[in-house]
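Participant: Here you go, one structure.
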Amino acid sequence: MKQQNKFNSEQQQELAAQQHTTQNTAQEFATVEDLLRFDATQTSPPASLAPRLQQSSADIPRPNRPWWQKLFQR
Amino acid sequence: MNEPLADRECPVQPQSDWTPEEFANLYAEHSRAIFYLALRFLGDPQKAEDATHDVFLKAFRKMDQFRGEASWRTWLYRIAINHCRNLQQSWNERHMFSNADEAIWENAVAQSDSPLRVLETKELGERIQKALDALPDEYRLLLLLIADEQLSYEEVGTLTEQSADAVRGKLHRARKAFAATFKKTE
């Protein structure tokens, strides 16, 4: 009888562990938004992009202040 | 969903005389969001890199036109959406994953911490892309925008030229469509 109880207890623990794992997986991405947010955190712009952009922006002249700003901010 | 960005303090204030440092701050703050939108909307890492570059360059050129009525994030998203839509219209067919794309994914994965996590992330990214590719453009865009916690329903509505209620309604259908297509990628 004791042996049977022990067996049941082990089975229950194993079952509980399996359910916990399944629940964790399901809960991790409970919504589409959660899934996409996780995906976004794993996705970074390529490291080469910042220097490339820096070079490109250095090649163009900075915009002049618009006439209305010049008029009102003298 | 957070408060509208327009109500929050912007790290970079509207002005016309930009220093390289301020532009760098703007890039640091928003480049991940813009790149992610371009990547998942266009479905091509190289196109997404080029698009992100062009979006920020356009923003740099048009800094003097920013009035501060919307947030920087919303303003950049607007430029990105228009740019990506124009790119898409110029393509004859949707781009699917090629061998070159897979190589890029592998490079990105190699930068992650844990090998197990890497494997999962790689598979997950591919599955998400396949599921998004199967959706209509409007659903894909709505899901990508609403996943950005910095945007409110109102701001997503403004960006997609519809009311917040319309966004909520379409989002419900978009979620269901995504879930169905995502399951097929298993």
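Ligands are numbered from 1 in the order shown, chains are lettered A, B, ... in the order of the structure tokens, and residues start at 1 in each chain.
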Quick check: residues of chain A within 7 Å of chain B, only C-alpha atoms, returned as number ranges by chain.
Facilitator: A: 32-33, 36-37, 39-40, 43-45, 49, 53, 57, 63, 65
Participant: As an exercise, work out the distance from atom CA of B:Val55 to atom CA of B:Ser90 in Å and give it to one decimal place.
Facilitator: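 Computed distance, atom CA of B:Val55 to atom CA of B:Ser90, equals 16.9 Å.
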Participant: What does the distance from atom CA of B:Arg73 to atom CA of B:Ala177 come to in Å, to one decimal?
Facilitator: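 Pair atom CA of B:Arg73 / atom CA of B:Ala177 returns 27.0 Å.
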Participant: Take atom CA of B:Asp133 and atom CA of B:Gly43 and report the distance between them in Å, one decimal.
Facilitator: 7.1 Å
